[in-house]
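I have placed the structure first, in the form of structure tokens, so that the comments after it can refer back to it.
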Amino acid sequence: MPPIAPPRVPQLSRRAFTAATLATAAGWAGAQPQGAPVRLLVGFPAGAGSDAIARLLADKLKDLLHAPVVVENRAGAGGQIAAQALKTAAPDGHTLLLSHDHTISILPQVIRNPGFQPAADFVPVAGLATFANVLAVSGATPARSMDEYVRWVKTQRGGKDTIGVPAPGSIPEFLVRLMAQRYQLDLQAAPYRGSAPMTADMLGNQIAAGIASVPDLIELQRAGKLRIVAVIGARRQPLLPQVPTFGELGFDHLDDYPYYGLFAPAGTPQPVIDRFGAALQQALAMPDVREKLTAMGLNVGFEPQGQFAGRVRTYTAAWQRIIRDSGFQPL
């Protein structure tokens with residue numbers, strides 16, 4: 001039940017007004033959700049990296065929120081379907097979206113009518129991690145570094161190659177464009193419907209290289225089935241200390257890390273946002289949660305609402321420049 005506003009009392013004292021305000025906030029925080037299920041929307045199918053993260057967090061959040069937290073997969077279009085579902089959800093504290101940067105920062109820039117505008121339709125709750133996109137080559141190629149891959153393309157492929165990417169208009173697609181410009185190669189991005197079919201084609205030697213996130217590729221790297229040869233970001237990744245960054249290889253303006261975070265429908269009361277943020281912070285402080293997320297290739301770190309909102313704005317602006325300069329035309 002929504003909280004009842006305190007009655008209007010003539011000449012209400014400051015102390016009484018403050019107490020009433022705190023009681024109202026406590027009413028929101030205490031009454032929501034109290035047993036009512038919380039939907040955690042995920043824009044990717046079961047078994048994908050985002051789904052695994054969501055299910056790990058949902059298992060912890062249900063105890064911290066004292067309510068069921070149900071992961072709801074709204075897969076398709078790079079998270080677009082899930083984002084549209086969040087937009088139309090009631091701002092009553094019963095719906096959240098777990099999303100990474102592609103849906104929030106990139107899709108609205110590469111699709112003419114995505115059906116949502118993050119700044120107007122969503123409110124950031126908190127950030128939970130950053131990660132890195134990486135270039136990997138198939139185990140069937142002789143390349144063990146970026147230089148060796150470039151040399152192989154020039155000598156064995158006539159300067160042409162196709163590089164798999166998880167989605168059209170994604171950061172991996174723009175990385176392919178930047179690689180083509182820097183190395184003067186005819187490189188074409190091959191968009192897939194997610195990283196799983198892309199890696200399947202890499203393992204089947206249908207394509208020689210692909211770009212995806214560390215969580216998508218780290219297990220295949222560990223198994224020796226793929227070789228990661230470059231990572232995005234300002235520094236090398238803890239799980240891949242031997243792999244250079246794109247910056248080390250001479251690429252500029254690729255220092256901002258993609259992010260994962262929680263979002264709520266616009267209009268969700270601030271006490272509810274705060275409650276979700278506090279629960280996420282507690283979950284991320286649990287050693288088993290940090291260990292499992294780190295093993296997936298995430299750089300785990302809680303960011304409160306204001307800090308996370310700033311990250312989203314900065315990241316979006318950085319890639320807006322790259323997308324514009326690439327000459328990409330919205331789909």
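Going through the structure tokens in order, the chains are called A, B, and so on, while each chain numbers its residues from 1 and the ligands are numbered from 1 in the order shown.
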
Helix (DSSP H, G or I) call set, DSSP backbone run, stretch 163-231 of chain A, as a ChimeraX atom specification: /A:171-183,195-203,214-222

Residues from the last selection, N, CA, C and O atoms, saved as a tab-separated table (two decimals), in the first residue's frame:
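The resulting selection21.tsv:
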```tsv
chain	number	residue	atom	x	y	z
A	171	ILE	N	29.69	-1.86	-30.10
A	171	ILE	CA	31.08	-1.42	-29.95
A	171	ILE	C	32.04	-2.34	-30.69
A	171	ILE	O	32.97	-1.87	-31.37
A	172	PRO	N	31.88	-3.69	-30.61
A	172	PRO	CA	32.76	-4.53	-31.42
A	172	PRO	C	32.76	-4.19	-32.90
A	172	PRO	O	33.79	-4.25	-33.56
A	173	GLU	N	31.60	-3.80	-33.45
A	173	GLU	CA	31.58	-3.42	-34.87
A	173	GLU	C	32.43	-2.18	-35.11
A	173	GLU	O	33.16	-2.09	-36.11
A	174	PHE	N	32.38	-1.23	-34.20
A	174	PHE	CA	33.18	-0.02	-34.38
A	174	PHE	C	34.67	-0.31	-34.18
A	174	PHE	O	35.52	0.32	-34.81
A	175	LEU	N	34.99	-1.28	-33.34
A	175	LEU	CA	36.39	-1.68	-33.20
A	175	LEU	C	36.91	-2.28	-34.51
A	175	LEU	O	38.07	-2.05	-34.89
A	176	VAL	N	36.07	-3.04	-35.20
A	176	VAL	CA	36.48	-3.58	-36.51
A	176	VAL	C	36.79	-2.44	-37.47
A	176	VAL	O	37.79	-2.47	-38.20
A	177	ARG	N	35.94	-1.42	-37.48
A	177	ARG	CA	36.18	-0.27	-38.35
A	177	ARG	C	37.50	0.43	-38.01
A	177	ARG	O	38.26	0.82	-38.91
A	178	LEU	N	37.76	0.60	-36.71
A	178	LEU	CA	39.00	1.25	-36.30
A	178	LEU	C	40.22	0.41	-36.68
A	178	LEU	O	41.26	0.95	-37.09
A	179	MET	N	40.12	-0.91	-36.56
A	179	MET	CA	41.22	-1.78	-36.94
A	179	MET	C	41.48	-1.69	-38.44
A	179	MET	O	42.64	-1.65	-38.89
A	180	ALA	N	40.41	-1.66	-39.23
A	180	ALA	CA	40.56	-1.57	-40.68
A	180	ALA	C	41.28	-0.28	-41.06
A	180	ALA	O	42.18	-0.28	-41.94
A	181	GLN	N	40.93	0.82	-40.40
A	181	GLN	CA	41.57	2.10	-40.70
A	181	GLN	C	43.04	2.10	-40.29
A	181	GLN	O	43.91	2.52	-41.05
A	182	ARG	N	43.33	1.60	-39.10
A	182	ARG	CA	44.69	1.66	-38.58
A	182	ARG	C	45.64	0.78	-39.39
A	182	ARG	O	46.77	1.18	-39.69
A	183	TYR	N	45.20	-0.43	-39.72
A	183	TYR	CA	46.10	-1.38	-40.38
A	183	TYR	C	45.93	-1.41	-41.89
A	183	TYR	O	46.58	-2.21	-42.57
A	195	SER	N	26.82	-13.44	-28.65
A	195	SER	CA	28.18	-13.95	-28.70
A	195	SER	C	28.24	-15.47	-28.86
A	195	SER	O	29.22	-16.01	-29.39
A	196	ALA	N	27.20	-16.19	-28.40
A	196	ALA	CA	27.22	-17.66	-28.46
A	196	ALA	C	27.32	-18.18	-29.90
A	196	ALA	O	28.20	-19.01	-30.20
A	197	PRO	N	26.46	-17.74	-30.82
A	197	PRO	CA	26.62	-18.23	-32.20
A	197	PRO	C	27.91	-17.75	-32.85
A	197	PRO	O	28.47	-18.45	-33.69
A	198	MET	N	28.39	-16.58	-32.45
A	198	MET	CA	29.66	-16.08	-32.99
A	198	MET	C	30.81	-16.99	-32.59
A	198	MET	O	31.63	-17.40	-33.42
A	199	THR	N	30.88	-17.33	-31.29
A	199	THR	CA	31.97	-18.18	-30.84
A	199	THR	C	31.84	-19.59	-31.42
A	199	THR	O	32.86	-20.26	-31.67
A	200	ALA	N	30.61	-20.05	-31.65
A	200	ALA	CA	30.43	-21.36	-32.27
A	200	ALA	C	31.05	-21.37	-33.66
A	200	ALA	O	31.70	-22.36	-34.05
A	201	ASP	N	30.88	-20.30	-34.42
A	201	ASP	CA	31.48	-20.22	-35.75
A	201	ASP	C	33.00	-20.09	-35.67
A	201	ASP	O	33.72	-20.58	-36.55
A	202	MET	N	33.50	-19.43	-34.63
A	202	MET	CA	34.95	-19.37	-34.45
A	202	MET	C	35.52	-20.75	-34.16
A	202	MET	O	36.54	-21.15	-34.72
A	203	LEU	N	34.84	-21.49	-33.29
A	203	LEU	CA	35.30	-22.84	-32.96
A	203	LEU	C	35.20	-23.77	-34.16
A	203	LEU	O	35.99	-24.72	-34.29
A	214	VAL	N	35.08	-10.00	-22.17
A	214	VAL	CA	35.85	-10.99	-21.42
A	214	VAL	C	34.94	-12.08	-20.86
A	214	VAL	O	35.26	-13.28	-20.99
A	215	PRO	N	33.79	-11.74	-20.22
A	215	PRO	CA	32.92	-12.83	-19.72
A	215	PRO	C	32.48	-13.81	-20.80
A	215	PRO	O	32.26	-14.99	-20.51
A	216	ASP	N	32.35	-13.34	-22.04
A	216	ASP	CA	31.92	-14.22	-23.12
A	216	ASP	C	33.02	-15.17	-23.58
A	216	ASP	O	32.72	-16.26	-24.08
A	217	LEU	N	34.29	-14.78	-23.42
A	217	LEU	CA	35.38	-15.51	-24.06
A	217	LEU	C	36.40	-16.11	-23.10
A	217	LEU	O	37.25	-16.90	-23.51
A	218	ILE	N	36.34	-15.75	-21.83
A	218	ILE	CA	37.42	-16.13	-20.92
A	218	ILE	C	37.55	-17.65	-20.78
A	218	ILE	O	38.67	-18.18	-20.71
A	219	GLU	N	36.45	-18.38	-20.72
A	219	GLU	CA	36.54	-19.83	-20.55
A	219	GLU	C	37.14	-20.49	-21.79
A	219	GLU	O	37.89	-21.47	-21.67
A	220	LEU	N	36.82	-19.98	-22.97
A	220	LEU	CA	37.40	-20.53	-24.19
A	220	LEU	C	38.89	-20.21	-24.27
A	220	LEU	O	39.68	-21.01	-24.79
A	221	GLN	N	39.27	-19.06	-23.75
A	221	GLN	CA	40.70	-18.72	-23.67
A	221	GLN	C	41.40	-19.68	-22.71
A	221	GLN	O	42.49	-20.20	-23.03
A	222	ARG	N	40.81	-19.94	-21.57
A	222	ARG	CA	41.41	-20.84	-20.60
A	222	ARG	C	41.56	-22.26	-21.16
A	222	ARG	O	42.53	-22.96	-20.86
```

Please provide as number ranges by chain all residues within 12 Å of A:Ile53, with the sequence filter that same-chain residues fewer than 2 positions apart are discarded (counting only C-alpha atoms). A: 40-42, 44, 46-51, 55-60, 71, 98-100, 128-129, 215-216, 260-262, 283-284, 289-290, 292-298, 300

Write out, as a CSV table (one decimal), in the first residue's frame, the residues just selected, with C-alpha atoms.
```
chain,number,residue,atom,x,y,z
A,40,LEU,CA,14.7,-8.4,-12.9
A,41,LEU,CA,14.6,-7.9,-16.6
A,42,VAL,CA,17.5,-9.2,-18.7
A,44,PHE,CA,19.6,-11.7,-23.3
A,46,ALA,CA,19.2,-17.8,-20.5
A,47,GLY,CA,22.8,-19.1,-20.3
A,48,ALA,CA,24.3,-15.8,-21.6
A,49,GLY,CA,26.7,-13.8,-19.5
A,50,SER,CA,24.1,-11.2,-18.5
A,51,ASP,CA,21.7,-13.9,-17.4
A,55,ARG,CA,20.7,-15.1,-11.5
A,56,LEU,CA,23.6,-14.8,-9.1
A,57,LEU,CA,22.5,-11.4,-7.9
A,58,ALA,CA,18.8,-12.4,-7.7
A,59,ASP,CA,19.6,-15.3,-5.4
A,60,LYS,CA,21.2,-12.8,-2.9
A,71,VAL,CA,14.8,-13.1,-13.5
A,98,LEU,CA,20.1,-5.5,-15.4
A,99,SER,CA,21.9,-4.0,-18.4
A,100,HIS,CA,25.3,-3.4,-19.8
A,128,LEU,CA,28.0,-3.2,-10.1
A,129,ALA,CA,31.0,-3.8,-12.4
A,215,PRO,CA,32.9,-12.8,-19.7
A,216,ASP,CA,31.9,-14.2,-23.1
A,260,TYR,CA,27.0,-3.3,-15.9
A,261,GLY,CA,24.3,-1.7,-13.7
A,262,LEU,CA,20.7,-1.7,-12.5
A,283,ALA,CA,25.3,-8.4,-2.2
A,284,LEU,CA,28.5,-7.3,-3.9
A,289,VAL,CA,29.5,-13.1,-5.1
A,290,ARG,CA,32.7,-11.1,-5.8
A,292,LYS,CA,32.1,-15.6,-9.0
A,293,LEU,CA,31.7,-12.3,-10.8
A,294,THR,CA,35.5,-11.8,-10.9
A,295,ALA,CA,35.9,-15.3,-12.3
A,296,MET,CA,33.5,-14.3,-15.1
A,297,GLY,CA,35.9,-11.5,-16.1
A,298,LEU,CA,34.2,-8.6,-14.4
A,300,VAL,CA,33.5,-5.8,-9.5
```

Find the residues near A:Arg227: any atom within 7 Å, counting only C-alpha atoms, skip ones fewer than 5 places away on the same chain, and give them as JSON, numbers by chain. {"A": [136, 137, 138, 139, 144, 221]}

Find the residues of stretch 71-137 of chain A that sit at most 12 Å from stretch 323-331 of chain A; for each, write down the nearest two atoms and how far apart they are in Å, to one decimal. Count only C-alpha atoms. Sort by chain, then by number going up, and give it as a Markdown table.
```
| residue | atom | partner | partner_atom | distance |
| --- | --- | --- | --- | --- |
| A:Ser105 | CA | A:Ile323 | CA | 11.5 |
| A:Ile106 | CA | A:Ile323 | CA | 9.1 |
| A:Leu107 | CA | A:Pro330 | CA | 9.4 |
| A:Pro108 | CA | A:Pro330 | CA | 9.1 |
| A:Gln109 | CA | A:Pro330 | CA | 7.0 |
| A:Val110 | CA | A:Pro330 | CA | 4.4 |
| A:Ile111 | CA | A:Leu331 | CA | 4.9 |
| A:Arg112 | CA | A:Pro330 | CA | 5.7 |
| A:Asn113 | CA | A:Leu331 | CA | 8.8 |
| A:Pro114 | CA | A:Leu331 | CA | 9.8 |
```

Could you work out how far atom CA of A:Pro166 lies from atom CA of A:Gln206, giving the answer in Å with one decimal? 14.9 Å

Need to verify the contact set: A:Gly164, 7 Å, only C-alpha atoms, exclusion of same-chain residues closer than 4 positions in sequence. Can you return it as number ranges by chain? A: 189-191, 198, 207, 209-211

Return the single residue from A:Gln117, A:Thr130, A:Thr88, A:Thr95 that is closest to A:Arg311, with distances computed using only C-alpha atoms.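 Closest residue, counting only C-alpha atoms: A:Thr130.
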
DSSP on the backbone: which residues in stretch 175-236 of chain A end up as strand (DSSP E)? Give the answer as a list in words. Asp186, Leu187, Gln188, Ala189, Ala190, Pro191, Ala209, Gly210, Ile211, Ala212, Ser213, Leu226, Arg227, Ile228, Val229, Ala230 and Val231 of chain A

Grab the residues selected above and save them as a tab-separated table (two decimals), in the first residue's frame with all heavy atoms.
```
chain	number	residue	atom	x	y	z
A	186	ASP	N	41.07	-4.59	-45.40
A	186	ASP	CA	39.65	-4.68	-45.74
A	186	ASP	C	39.00	-5.63	-44.74
A	186	ASP	O	38.88	-6.83	-44.99
A	186	ASP	CB	39.48	-5.19	-47.18
A	186	ASP	CG	38.01	-5.25	-47.61
A	186	ASP	OD1	37.14	-4.84	-46.80
A	186	ASP	OD2	37.74	-5.72	-48.73
A	187	LEU	N	38.62	-5.09	-43.59
A	187	LEU	CA	38.01	-5.88	-42.53
A	187	LEU	C	36.52	-5.57	-42.49
A	187	LEU	O	36.12	-4.40	-42.44
A	187	LEU	CB	38.64	-5.56	-41.17
A	187	LEU	CG	40.15	-5.83	-41.04
A	187	LEU	CD1	40.64	-5.38	-39.67
A	187	LEU	CD2	40.46	-7.30	-41.27
A	188	GLN	N	35.71	-6.61	-42.48
A	188	GLN	CA	34.27	-6.45	-42.43
A	188	GLN	C	33.72	-7.11	-41.18
A	188	GLN	O	34.13	-8.22	-40.83
A	188	GLN	CB	33.62	-7.07	-43.67
A	188	GLN	CG	34.06	-6.47	-44.99
A	188	GLN	CD	33.67	-5.01	-45.12
A	188	GLN	OE1	32.58	-4.61	-44.70
A	188	GLN	NE2	34.55	-4.21	-45.71
A	189	ALA	N	32.81	-6.42	-40.50
A	189	ALA	CA	32.16	-6.98	-39.32
A	189	ALA	C	31.04	-7.91	-39.76
A	189	ALA	O	30.27	-7.59	-40.67
A	189	ALA	CB	31.61	-5.89	-38.43
A	190	ALA	N	30.96	-9.08	-39.12
A	190	ALA	CA	29.87	-10.02	-39.36
A	190	ALA	C	29.00	-10.05	-38.12
A	190	ALA	O	29.34	-10.69	-37.12
A	190	ALA	CB	30.42	-11.41	-39.66
A	191	PRO	N	27.86	-9.33	-38.12
A	191	PRO	CA	27.01	-9.28	-36.91
A	191	PRO	C	26.28	-10.60	-36.67
A	191	PRO	O	25.73	-11.20	-37.59
A	191	PRO	CB	26.02	-8.15	-37.23
A	191	PRO	CG	26.61	-7.42	-38.39
A	191	PRO	CD	27.38	-8.44	-39.17
A	209	ALA	N	38.29	-14.63	-36.52
A	209	ALA	CA	38.44	-13.72	-35.40
A	209	ALA	C	37.08	-13.20	-34.97
A	209	ALA	O	36.11	-13.21	-35.76
A	209	ALA	CB	39.36	-12.55	-35.77
A	210	GLY	N	37.00	-12.75	-33.74
A	210	GLY	CA	35.77	-12.18	-33.22
A	210	GLY	C	36.06	-11.24	-32.07
A	210	GLY	O	37.12	-11.32	-31.44
A	211	ILE	N	35.13	-10.33	-31.83
A	211	ILE	CA	35.25	-9.37	-30.73
A	211	ILE	C	34.04	-9.52	-29.83
A	211	ILE	O	32.89	-9.47	-30.30
A	211	ILE	CB	35.36	-7.93	-31.24
A	211	ILE	CG1	36.61	-7.76	-32.10
A	211	ILE	CG2	35.39	-6.94	-30.07
A	211	ILE	CD1	36.73	-6.38	-32.75
A	212	ALA	N	34.28	-9.72	-28.55
A	212	ALA	CA	33.20	-9.84	-27.56
A	212	ALA	C	33.79	-9.45	-26.21
A	212	ALA	O	34.92	-8.99	-26.11
A	212	ALA	CB	32.62	-11.24	-27.56
A	213	SER	N	33.01	-9.66	-25.15
A	213	SER	CA	33.46	-9.27	-23.82
A	213	SER	C	34.31	-10.37	-23.18
A	213	SER	O	34.24	-11.55	-23.59
A	213	SER	CB	32.27	-8.96	-22.92
A	213	SER	OG	31.56	-10.15	-22.62
A	226	LEU	N	40.44	-20.55	-28.08
A	226	LEU	CA	40.59	-19.25	-28.70
A	226	LEU	C	41.78	-18.54	-28.06
A	226	LEU	O	42.18	-18.88	-26.95
A	226	LEU	CB	39.33	-18.39	-28.51
A	226	LEU	CG	37.99	-18.92	-29.04
A	226	LEU	CD1	36.88	-17.96	-28.65
A	226	LEU	CD2	38.04	-19.10	-30.55
A	227	ARG	N	42.31	-17.54	-28.77
A	227	ARG	CA	43.42	-16.76	-28.20
A	227	ARG	C	43.04	-15.29	-28.20
A	227	ARG	O	42.82	-14.70	-29.27
A	227	ARG	CB	44.71	-16.99	-28.99
A	227	ARG	CG	45.29	-18.38	-28.81
A	227	ARG	CD	46.68	-18.48	-29.42
A	227	ARG	NE	46.62	-18.46	-30.89
A	227	ARG	CZ	46.42	-19.54	-31.65
A	227	ARG	NH1	46.24	-20.73	-31.08
A	227	ARG	NH2	46.41	-19.43	-32.95
A	228	ILE	N	42.95	-14.70	-27.03
A	228	ILE	CA	42.65	-13.27	-26.90
A	228	ILE	C	43.96	-12.50	-27.11
A	228	ILE	O	44.96	-12.77	-26.44
A	228	ILE	CB	42.04	-12.96	-25.53
A	228	ILE	CG1	40.68	-13.67	-25.40
A	228	ILE	CG2	41.88	-11.45	-25.33
A	228	ILE	CD1	40.05	-13.55	-24.02
A	229	VAL	N	43.94	-11.54	-28.05
A	229	VAL	CA	45.18	-10.85	-28.42
A	229	VAL	C	45.17	-9.35	-28.12
A	229	VAL	O	46.20	-8.69	-28.23
A	229	VAL	CB	45.52	-11.09	-29.90
A	229	VAL	CG1	45.74	-12.58	-30.17
A	229	VAL	CG2	44.43	-10.55	-30.82
A	230	ALA	N	44.02	-8.79	-27.75
A	230	ALA	CA	43.96	-7.36	-27.41
A	230	ALA	C	42.72	-7.10	-26.56
A	230	ALA	O	41.68	-7.73	-26.77
A	230	ALA	CB	43.94	-6.49	-28.66
A	231	VAL	N	42.84	-6.18	-25.61
A	231	VAL	CA	41.72	-5.82	-24.74
A	231	VAL	C	41.51	-4.31	-24.78
A	231	VAL	O	42.47	-3.54	-24.94
A	231	VAL	CB	41.94	-6.28	-23.28
A	231	VAL	CG1	42.19	-7.77	-23.21
A	231	VAL	CG2	43.10	-5.53	-22.64
```

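The gap separating atom CA of A:Trp152 from atom CA of A:Leu254 is 24.5 Å, in Å to one decimal.
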
Counting only C-alpha atoms, the option among A:Ala266, A:Ala279, A:Val69, A:Ile232 closest to A:Gly250: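 Once distances to A:Gly250 are computed over only C-alpha atoms, the minimum belongs to A:Ile232.
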
Å distance separating atom CA of A:Gly79 from atom CA of A:Phe263, one decimal place: 12.9 Å

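If you measure from each of A:Gly158, A:Pro265, A:Gly277, A:Pro304 to A:Ala90 using only C-alpha atoms, the closest one turns out to be A:Pro265.
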
Pick from A:Ala83, A:Val134, A:Ala54, A:Leu239 nearest to A:Leu280, counting only C-alpha atoms: A:Ala54
